[in-house]
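S.K.: Following this message is one structure expressed as structure tokens.
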Amino acid sequence: MVATTVAFVALIVAVERGRDKSSGAEAGRAKQLRFDGGVMPRGVRAPDFALTDERGRRVTMRQFRGRPVAVTFLYSHCEDTCPAQAQQVKGALDLLDRPVPALAIAVDPPRDTGASAQAFLDKYDLAGRLRWVLGSRAQLQPVWRGFAIQEQLPDAEHQSRIVLVDRDGFQRVGFPGDQVTPERLAHDLRALGAS
């Protein structure tokens, strides 16, 4: 848990440094795009994985190359922060003029199952719009590390966060759960789609 917290703090520091010390070209491009969320450090690739979704279909990060994707981190038995975060994603998807892939990475295995994830998606009207990436703790740990996310623990809540991955597979924009709105998220997804 301490290592995860240290990794998360290091990522936040890197994000802040990335904002302040971007190269001229990257800074110009970021200014031109005017993201509402926090711009991630250049070159942080989204971790690749080959897992299954709530319907048992294979899902990989690589399959989304060529288009932006919204990635969030949820657990299917959550009754407070996760439903609110899912609704922010849903609201953003509603505002967009074209479909954008969205993933929820499970943070509570083995309790996050295909059935529990599908029930969550049905309850919040996200079935078919948000795919839930499932796996064992061992399979998901590299994904959590790659996004600097702490899993759900009995004594610690996972991070409430949404990351936007660009068409080249790089993490570009991050939103803490308490700073995201559907409008801000949709704006940044449009900007990524135009870049």
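Please note that chains go A, B, ... in the order of the structure tokens, that every chain numbers its residues from 1, and that ligands are numbered from 1 in the order shown.
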Can you pull out every residue within 6 Å of range 98-113 of chain A, counting only C-alpha atoms, but drop anything in the same chain fewer than 5 positions away, and send it as a PyMOL selection string?

M.R.: chain A and resi 69-76+130-134+136-137+151-152

S.K.: Based on DSSP run over this structure's backbone, return all residues of range 28-131 of chain A in strand (DSSP E or B), as a list in words.

M.R.: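 Checking each residue of range 28-131 of chain A, the strand (DSSP E or B) ones are Gly38, Val39, Arg45, Ala50, Leu51, Thr52, Arg58, Val59, Thr60, Val69, Ala70, Val71, Thr72, Phe73, Leu74, Ala102, Leu103, Ala104, Ile105, Ala106 and Arg131 of chain A.
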
S.K.: Identify all residues of chain A in helix (DSSP H, G or I) (DSSP on the backbone) and supply them as a PyMOL selection string.

M.R.: chain A and resi 2-20+24-33+62-64+81-95+114-123+137-147+177-179+182-194

S.K.: Using only C-alpha atoms, find the one residue out of A:Leu164, A:Gln139, A:Phe175, A:Leu95 that sits nearest to Ala50 in chain A.

M.R.: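 Closest candidate: A:Gln139.
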
S.K.: Taking 5 positions as the minimum chain separation for residues in the same chain, which residues sit within 8 Å of Tyr124 in chain A when counting only C-alpha atoms? Answer as number ranges by chain.

M.R.: A: 83, 86-87

S.K.: Can those selected residues be exported to a file as a CSV table (one decimal), in the first residue's frame so that it contains N, CA, C and O atoms?

M.R.:
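So again_10.csv came out as:
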```csv
chain,number,residue,atom,x,y,z
A,83,PRO,N,-20.6,4.9,-8.6
A,83,PRO,CA,-21.7,5.3,-9.4
A,83,PRO,C,-21.6,6.8,-9.9
A,83,PRO,O,-22.0,7.1,-11.0
A,86,ALA,N,-19.1,6.9,-12.7
A,86,ALA,CA,-19.7,6.2,-13.9
A,86,ALA,C,-20.7,7.2,-14.6
A,86,ALA,O,-20.7,7.3,-15.8
A,87,GLN,N,-21.4,8.0,-13.8
A,87,GLN,CA,-22.4,8.9,-14.4
A,87,GLN,C,-21.6,10.1,-15.1
A,87,GLN,O,-22.2,10.6,-16.0
```

S.K.: Between A:Pro182, A:Pro154, A:Gly135, A:Gly146, which is the closest to Gly56 in chain A once you count only C-alpha atoms?

M.R.: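 Closest candidate: A:Gly135.
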
S.K.: Just to confirm, what's the straight-line distance from CA of Ala92 in chain A to CA of Asp36 in chain A in Å (one decimal)?

M.R.: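 Separating CA of Ala92 in chain A from CA of Asp36 in chain A is a distance of 13.1 Å.
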
S.K.: Measure the distance from CA of Arg45 in chain A to CA of Thr60 in chain A in Å and round it to one decimal.

M.R.: 13.7 Å

S.K.: Please list as number ranges by chain every residue within 10 Å of Pro142 in chain A, counting only C-alpha atoms and excluding residues in the same chain fewer than 4 positions away.

M.R.: A: 47-49, 137-138, 146-149

S.K.: Mind writing the picked residues with N, CA and C atoms as a tab-separated table (two decimals), in the first residue's frame?

M.R.:
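As written to disk, selection-v8.tsv reads:
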```tsv
chain	number	residue	atom	x	y	z
A	47	PRO	N	-0.76	1.04	-19.91
A	47	PRO	CA	-0.31	-0.35	-19.86
A	47	PRO	C	-1.16	-1.24	-20.75
A	48	ASP	N	-0.49	-2.12	-21.48
A	48	ASP	CA	-1.23	-3.04	-22.32
A	48	ASP	C	-1.65	-4.24	-21.48
A	49	PHE	N	-2.72	-4.84	-21.86
A	49	PHE	CA	-3.22	-6.02	-21.16
A	49	PHE	C	-4.05	-6.82	-22.15
A	137	ARG	N	-6.32	-10.61	-9.29
A	137	ARG	CA	-5.47	-9.58	-8.69
A	137	ARG	C	-4.10	-9.58	-9.39
A	138	ALA	N	-3.54	-10.76	-9.61
A	138	ALA	CA	-2.22	-10.86	-10.26
A	138	ALA	C	-2.26	-10.30	-11.68
A	146	GLY	N	0.55	0.58	-13.88
A	146	GLY	CA	0.74	1.39	-15.07
A	146	GLY	C	-0.08	2.67	-15.07
A	147	PHE	N	-1.21	2.65	-14.38
A	147	PHE	CA	-2.04	3.85	-14.25
A	147	PHE	C	-1.86	4.53	-12.89
A	148	ALA	N	-0.95	4.01	-12.05
A	148	ALA	CA	-0.70	4.53	-10.70
A	148	ALA	C	-1.98	4.56	-9.86
A	149	ILE	N	-2.68	3.43	-9.86
A	149	ILE	CA	-3.94	3.30	-9.13
A	149	ILE	C	-3.79	2.27	-8.03
```

S.K.: Neighbouring residues of Asp168 in chain A were defined as those with any atom within 8 Å, considering only C-alpha atoms; residues of the same chain fewer than 5 positions away were excluded. Please report them as a list of chain:residue names.

M.R.: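 Neighbouring residues, sequence-local ones excluded: A:Arg65, A:Gly66, A:Arg67.
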
S.K.: Take the residues from that selection and write them out as a tab-separated table (two decimals), in the first residue's frame, keeping all heavy atoms.

M.R.:
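So the final result, stored in selection-v7.tsv, reads:
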```tsv
chain	number	residue	atom	x	y	z
A	65	ARG	N	-6.05	1.50	-30.30
A	65	ARG	CA	-5.12	2.40	-30.99
A	65	ARG	C	-5.84	3.02	-32.19
A	65	ARG	O	-6.63	2.38	-32.86
A	65	ARG	CB	-3.88	1.65	-31.46
A	65	ARG	CG	-3.01	1.12	-30.34
A	65	ARG	CD	-2.14	2.21	-29.72
A	65	ARG	NE	-1.52	1.75	-28.48
A	65	ARG	CZ	-0.43	1.01	-28.41
A	65	ARG	NH1	0.18	0.64	-29.51
A	65	ARG	NH2	0.06	0.67	-27.24
A	66	GLY	N	-5.55	4.28	-32.42
A	66	GLY	CA	-6.17	5.00	-33.52
A	66	GLY	C	-7.35	5.85	-33.09
A	66	GLY	O	-7.91	6.59	-33.90
A	67	ARG	N	-7.74	5.74	-31.81
A	67	ARG	CA	-8.83	6.58	-31.30
A	67	ARG	C	-8.64	6.78	-29.80
A	67	ARG	O	-8.06	5.94	-29.12
A	67	ARG	CB	-10.18	5.96	-31.60
A	67	ARG	CG	-10.32	4.56	-31.08
A	67	ARG	CD	-11.51	3.87	-31.69
A	67	ARG	NE	-11.40	2.45	-31.41
A	67	ARG	CZ	-12.42	1.64	-31.33
A	67	ARG	NH1	-13.63	2.08	-31.50
A	67	ARG	NH2	-12.25	0.37	-31.09
```

S.K.: Would you compute the distance between CA of Gln118 in chain A and CA of Ala46 in chain A? Give it in Å to one decimal.

M.R.: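 Taking CA of Gln118 in chain A and CA of Ala46 in chain A, their separation equals 24.5 Å.
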